[in-house]
Amino acid sequence: MLRKTCMVCFAIFVIVVSSCAPQPPAATQVTEPTKAEVAPTAVPQPTNTEVKPAEKAKIEMWVGTWGECFKPIVANTINPNAKTYEVIINDNPSGTAQKAAVSAGGGPDILITSGPTEARAYSEAGLNVPIDAYVQKYGWDKLFPSWALDLSLVNGKRYTLQAELETMILFYNKTLFEKKGYQPPKTFDELLTLAAQMKKDGIIPFGSAVGDMKWPDDYVYGEYLNAIAGPQAVYEALTGKRSWTDPVFVETFKTLHDEARAGWFMGGLDSYFTKTWDEQWAAVGKGEAGMTIQGTWMFHPLSIDGYFKDTGNTWDWVPMPRKDGKPVFDIGLGSAWAINKYSKHPDEAAEFLNTWFSPDIQVELLKTGCLASAPVKIPKSAMADLDPKIVAVYDAMDQAFANGDYGYTTWTFWPSKLQTYMQKGLEDVYNDQLSVDDYLKGADATLKEALAAGDAPPIPAR
Amino acid sequence: MRLVRMNYQSRQVLTAWLFRSPLLAIQFLVIFLPAISAIYYSLTKWSGVGLNAEFIGLENFKRMLGDRIYWLSLTHNVTYLAIFLTVPFIISLLAASILAPIKRGGMFFRTALFIPFIIPSVITSFIWKSILNPTIGLGWLFRQVGIPIFTKAYLGIPSTALYTVAFIDNWHFWGFLMILFLTAMQAVPPELYDAAKIDGANRWNQFRYVTFPGIRPTVMFMIMMLGIWCFQVFDWIQILTGGGPGNSSQVLSTYLYQVAILNFDAGYGSAIGLSISLFALLIIGVFTFLRRRGWEI
């Protein structure tokens with residue numbers, strides 16, 4: 001009887017534990033990292049016969065909702081032409097699941113993170129392969145501007161390639177402007193005057209709401225900082241050379257506070273805090289709101305979907321105006337790509353990255369409308385078929401960056417703690433639960449902490 | 001294999017442990033080990049990525065003592081608890097008392113009032129967000145008949161955001177409490193009610209002197225559980241307000257999420273998580289102490 005009991009219990013134990021066993025890592029086993037920083041392994045030259053598919057290295061990446069965009073490019077362009085690797089796209093999300101997988105010694109070969117800040121956490125934990133040798137081998141220093149490569153510096157080594165170059169602009173309802181005789185603003189003072197006029201006319205100046213996503217908080221205060229205080233002051237603040245309690249920042253946030261309480265954003269604070277992303281855009285589309293401060297990623301959705309489609313209205317954009325009258329183009333990077341330390345094929349992964357970040361593939365991505373291109377040099381001729389509005393913004397950005405006229409977006413250049421503090425604290429400022437002075441003192445303290453802990457992304461010198 | 005001869009009692013004990021062993025193994029792997037690692041990580045500076053946590057002793061806990069947002073979040077948890085220890089209890093006791101004697105149609109009401117509890121929080125939150133939207137919800141409906149109420153977005157006002165979330169969570173929860181009390185009430189012997197009626201007790205006196213003492217163990221148990229759950233509340237706050245506007249509806253678990261996931265400060269997040277567990281242990285400790293003193297709980 002006892003023997004039977006023991007066998008039954010053991011059988012139950014085995015069944016239960018085996019059903020709870022983790023799935024084997026999708027792509028890789030734990031291996032020693034290759035010495036990529038010394039010299040990458042030479043890619044074997046193809047002989048007269050093509051490498052058989054079975055011998056190609058499998059390079060996996062987790063892309064979440066980007067699968068629809070990436071799969072056609074990978075299937076039709078990249079894989080057929082790749083001699084040494086085959087890219088496998090997995091719809092697993094690249095966020096928390098990837099973090100857990102990589103921490104456990106697995107995960108995809110290509111690590112996609114939400115930007116330099118998250119990528120830094122991986123690099124500091126030693127979970128990315130340094131890419132300096134690949135930068136030399138593939139000439140990425142000629143393809144990417146130095147500021148983009150240097151954003152991934154950790155202890156003197158580079159680890160990631162930046163993707164999705166975006167900028168913030170002022171979208172407006174063109175039909176409404178024509179009807180009311182409004183002129184798109186060229187300076188910040190013109191913007192303030194225009195917004196005040198709109199309020200008088202019963203139009204919400206800015207369609208901006210954080211009911212389902214907090215990003216518009218960042219868009220607005222980031223743009224106001226660059227527009228009022230100026231990019232140089234923001235740079236100095238982010239590098240600890242200027243205090244956040246400086247009068248230029250006090251002026252910025254007092255302006256924001258007053259405008260928010262006057263109902264310039266979504267008509268009132270309760271609407272600002274509860275309306276959704278779709279509702280804010282619907283308001284602009286219908287002409288209930290006149291303008292909105294958003295990123296160039298909106299070009300594609302605006303061109304295909306219903307915010308303006310069924311309203312009879314059209315939209316346009318202008319650069320975000322600055323106090324000194326010069327347009328501001330803030331640098332925003334949507335993601336950072338790296339090679340997993342545990343990848344069995346880091347050299348092939350680097351080869352794939354070289355293909356992915358080539359101007360041809362980046363233009364293809366732009367044409368799909370799913371993603372902005374990486375900050376790589378793209379010949380003008382390659383962009384001939386694109387929407388003229390997109391070409392215009394890239395032209396304007398190129399010129400501005402060449403002149404040093406760029407600003408800073410929060411998700412690219414702020415340490416994560418400072419970003420969270422300023423976003424949450426700003427809402428408290430709007431609600432008069434925190435004074436501007438205390439808010440900025442807190443920002444100072446938070447940044448000092450991040451700089452001391454080495455948690456701040458490196459800001460390229462202006 | 002040669003089995004050692006055991007007496008009957010020892011074999012029974014061994015058999016019981018063998019049947020428990022699969023569950024204990026799972027508990028060990030899934031609950032105990034992560035709990036121990038959470039204690040360890042609370043003593044470290046750790047980004048949450050990789051395994052390179054730097055031991056810093058009690059620094060995270062010292063930081064917690066001076067963290068304004070932590071104490072504000074704790075205050076909100078206590079407020080949440082105060083709401084839940086009153087409103088759903090009163091409503092569910094009342095509803096259970098009314099439904100208990102109903103035989104015909106009672107099942108319909110019990111089912112209808114229980115349904116909100118089984119709807120996932122994401123769906124309930126979405127429905128209530130729409131209902132409370134002044135543009136398309138109740139506010140719009142009442143405006144059509146000329147009544148200007150529900151004109152504000154209560155989830156977006158700092159002074160009402162937390163109470164609005166509590167209201168929605170209450171709407172979802174009190175049906176469950178009602179079913180528990182109803183079940184407990186049905187275990188009260190009917191002879192006691194007969195005796196009370198003979199003694200001239202009205203409905204209120206019957207409730208006070210017969211029903212409530214009979215269901216007191218259930219009530220006290222639910223007070224203890226609510227105490228624990230109110231410190232763990234996360235999904236309702238996160239979905240409906242994200243702890244906002246600002247920090248006006250921030251609670252400990254949403255703050256933990258912000259710190260550990262958004263700030264890449266999982267060490268400090270673990271310390272916050274540990275403090276939530278300590279509050280729960282404190283509540284259990286109080287109840288255990290009172291029970292040992294002879295309280296019927």
# chains A, B, ... in the order shown; residues from 1 in each chain; ligands from 1
call {"tool": "closest_atom_pairs", "arguments": {"of": "chain B", "to": "chain A", "cutoff": "8 Å", "atoms": "only C-alpha atoms", "output": "CSV"}}
result
residue,atom,partner,partner_atom,distance
B:Arg11,CA,A:Leu2,CA,7.2
B:Thr15,CA,A:Thr5,CA,6.9
B:Leu18,CA,A:Cys9,CA,6.0
B:Phe19,CA,A:Cys9,CA,5.9
B:Ser21,CA,A:Phe13,CA,7.4
B:Pro22,CA,A:Phe13,CA,4.8
B:Ile26,CA,A:Val17,CA,7.5
B:Ser47,CA,A:Ala121,CA,6.6
B:Val49,CA,A:Lys99,CA,6.1
B:Gly50,CA,A:Ser103,CA,4.3
B:Leu51,CA,A:Ser103,CA,6.5
B:Asn52,CA,A:Ala125,CA,6.2
B:Asn133,CA,A:Thr274,CA,7.9
B:Lys152,CA,A:Asp270,CA,6.9
B:Ala153,CA,A:Asp270,CA,5.4
B:Tyr154,CA,A:Asp270,CA,7.2
B:Leu155,CA,A:Thr274,CA,6.6
B:Gly156,CA,A:Asp270,CA,4.3
B:Ile157,CA,A:Asp270,CA,5.4
B:Pro158,CA,A:Asn431,CA,7.2
B:Thr241,CA,A:Gly211,CA,7.4
B:Gly244,CA,A:Lys424,CA,7.7
B:Pro245,CA,A:Glu427,CA,6.0
B:Gly246,CA,A:Glu427,CA,4.3
B:Asn247,CA,A:Lys424,CA,6.7
B:Ser248,CA,A:Asp428,CA,8.0
B:Gln258,CA,A:Thr420,CA,7.8
B:Leu262,CA,A:Ser416,CA,6.9
B:Asn263,CA,A:Lys417,CA,5.0
B:Phe264,CA,A:Ser416,CA,7.3
call {"tool": "residues_around", "arguments": {"residues": "stretch 97-105 of chain B", "least_positions_apart": "2", "cutoff": "10 Å", "atoms": "only C-alpha atoms", "output": "list in words"}}
result
Ile91, Ser92, Leu93, Leu94, Ala95, Met107, Phe108, Phe109, Arg110, Met178, Ile179, Phe181, Leu182, Thr183, Met185, Gln186, Arg203, Trp204, Phe207 and Thr211 of chain B
call {"tool": "residues_around", "arguments": {"residues": "A:Phe357", "least_positions_apart": "2", "cutoff": "9 Å", "atoms": "only C-alpha atoms", "output": "PyMOL selection string"}}
result
chain A and resi 143+161+163+352-355+359-362+373-374+376
call {"tool": "residues_around", "arguments": {"residues": "B:Tyr41", "least_positions_apart": "6", "cutoff": "10 Å", "atoms": "only C-alpha atoms", "output": "PyMOL selection string"}}
result
chain B and resi 35+48+53-57+60+266-271
call {"tool": "closest_residue", "arguments": {"among": "A:Phe308, A:Asn128, A:Asn79, A:Trp277", "to": "A:Trp215", "atoms": "only C-alpha atoms"}}
result
A:Trp277
call {"tool": "closest_residue", "arguments": {"among": "A:Glu190, A:Glu60, A:Asp141, A:Glu164", "to": "A:Leu333", "atoms": "only C-alpha atoms"}}
result
A:Glu164
call {"tool": "residues_around", "arguments": {"residues": "stretch 275-283 of chain B", "least_positions_apart": "2", "cutoff": "7 Å", "atoms": "only C-alpha atoms", "output": "JSON, numbers by chain"}}
result
{"B": [224, 227, 228, 231, 271, 272, 273, 285, 286, 287]}
call {"tool": "write_last_selection", "arguments": {"atoms": "N, CA and C atoms", "output": "JSON list (two decimals), in the first residue's frame"}}
result
[["chain", "number", "residue", "atom", "x", "y", "z"],
["B", 224, "MET", "N", -10.31, 41.39, 8.05],
["B", 224, "MET", "CA", -8.88, 41.10, 7.97],
["B", 224, "MET", "C", -8.43, 41.02, 6.50],
["B", 227, "GLY", "N", -8.34, 44.36, 4.86],
["B", 227, "GLY", "CA", -7.16, 45.09, 5.32],
["B", 227, "GLY", "C", -5.95, 44.74, 4.47],
["B", 228, "ILE", "N", -5.80, 43.46, 4.18],
["B", 228, "ILE", "CA", -4.66, 43.03, 3.36],
["B", 228, "ILE", "C", -4.84, 43.47, 1.92],
["B", 231, "PHE", "N", -4.12, 47.12, 0.93],
["B", 231, "PHE", "CA", -2.72, 47.52, 0.80],
["B", 231, "PHE", "C", -2.11, 46.98, -0.49],
["B", 271, "ALA", "N", 11.98, 47.02, -1.76],
["B", 271, "ALA", "CA", 11.81, 47.50, -0.37],
["B", 271, "ALA", "C", 10.37, 47.96, -0.15],
["B", 272, "ILE", "N", 9.81, 48.64, -1.14],
["B", 272, "ILE", "CA", 8.41, 49.08, -1.03],
["B", 272, "ILE", "C", 7.50, 47.86, -0.96],
["B", 273, "GLY", "N", 7.78, 46.87, -1.80],
["B", 273, "GLY", "CA", 6.97, 45.65, -1.80],
["B", 273, "GLY", "C", 7.03, 44.95, -0.46],
["B", 285, "GLY", "N", -1.20, 39.73, 12.34],
["B", 285, "GLY", "CA", -0.70, 39.64, 13.71],
["B", 285, "GLY", "C", -1.71, 40.17, 14.72],
["B", 286, "VAL", "N", -2.35, 41.28, 14.39],
["B", 286, "VAL", "CA", -3.36, 41.86, 15.30],
["B", 286, "VAL", "C", -4.50, 40.87, 15.50],
["B", 287, "PHE", "N", -4.96, 40.29, 14.39],
["B", 287, "PHE", "CA", -6.08, 39.35, 14.49],
["B", 287, "PHE", "C", -5.68, 38.10, 15.27]]
call {"tool": "residues_around", "arguments": {"residues": "B:Phe117", "least_positions_apart": "6", "cutoff": "10 Å", "atoms": "only C-alpha atoms", "output": "list of chain:residue names"}}
result
B:Thr124, B:Asp169, B:Asn170, B:Trp171, B:His172, B:Phe173, B:Trp174, B:Gly175, B:Phe176, B:Leu177
call {"tool": "write_last_selection", "arguments": {"atoms": "N, CA, C and O atoms", "output": "short mmCIF file (atom, residue, chain, number, x, y, z; two decimals), in the first residue's frame"}}
result
data_model
loop_
_atom_site.label_atom_id
_atom_site.label_comp_id
_atom_site.auth_asym_id
_atom_site.auth_seq_id
_atom_site.Cartn_x
_atom_site.Cartn_y
_atom_site.Cartn_z
N THR B 124 -14.37 46.29 -16.65
CA THR B 124 -15.16 47.16 -15.76
C THR B 124 -14.63 48.58 -15.80
O THR B 124 -15.39 49.54 -15.87
N ASP B 169 -14.43 50.33 -7.68
CA ASP B 169 -13.96 49.06 -7.09
C ASP B 169 -15.03 48.50 -6.15
O ASP B 169 -15.28 47.29 -6.11
N ASN B 170 -15.69 49.40 -5.42
CA ASN B 170 -16.79 48.98 -4.54
C ASN B 170 -17.93 48.35 -5.33
O ASN B 170 -18.50 47.33 -4.94
N TRP B 171 -18.28 48.99 -6.43
CA TRP B 171 -19.36 48.49 -7.30
C TRP B 171 -19.06 47.06 -7.74
O TRP B 171 -19.92 46.21 -7.80
N HIS B 172 -17.78 46.81 -8.01
CA HIS B 172 -17.35 45.49 -8.46
C HIS B 172 -17.34 44.49 -7.31
O HIS B 172 -17.64 43.31 -7.48
N PHE B 173 -17.04 44.96 -6.10
CA PHE B 173 -16.70 44.06 -5.00
C PHE B 173 -17.86 43.68 -4.08
O PHE B 173 -17.92 42.56 -3.56
N TRP B 174 -18.82 44.61 -3.89
CA TRP B 174 -19.73 44.38 -2.79
C TRP B 174 -20.65 43.17 -3.02
O TRP B 174 -21.13 42.56 -2.05
N GLY B 175 -20.87 42.79 -4.29
CA GLY B 175 -21.68 41.61 -4.56
C GLY B 175 -21.06 40.34 -4.00
O GLY B 175 -21.75 39.45 -3.49
N PHE B 176 -19.75 40.28 -4.08
CA PHE B 176 -19.03 39.13 -3.54
C PHE B 176 -19.21 39.06 -2.02
O PHE B 176 -19.48 38.01 -1.44
N LEU B 177 -19.08 40.22 -1.38
CA LEU B 177 -19.23 40.30 0.07
C LEU B 177 -20.65 39.89 0.48
O LEU B 177 -20.87 39.17 1.46
#
call {"tool": "select_by_dssp", "arguments": {"residues": "stretch 285-412 of chain A", "states": "helix (DSSP H, G or I)", "output": "ChimeraX atom specification"}}
result
/A:285-286,296-304,306-309,346-356,359-368,380-383,388-402,410-412
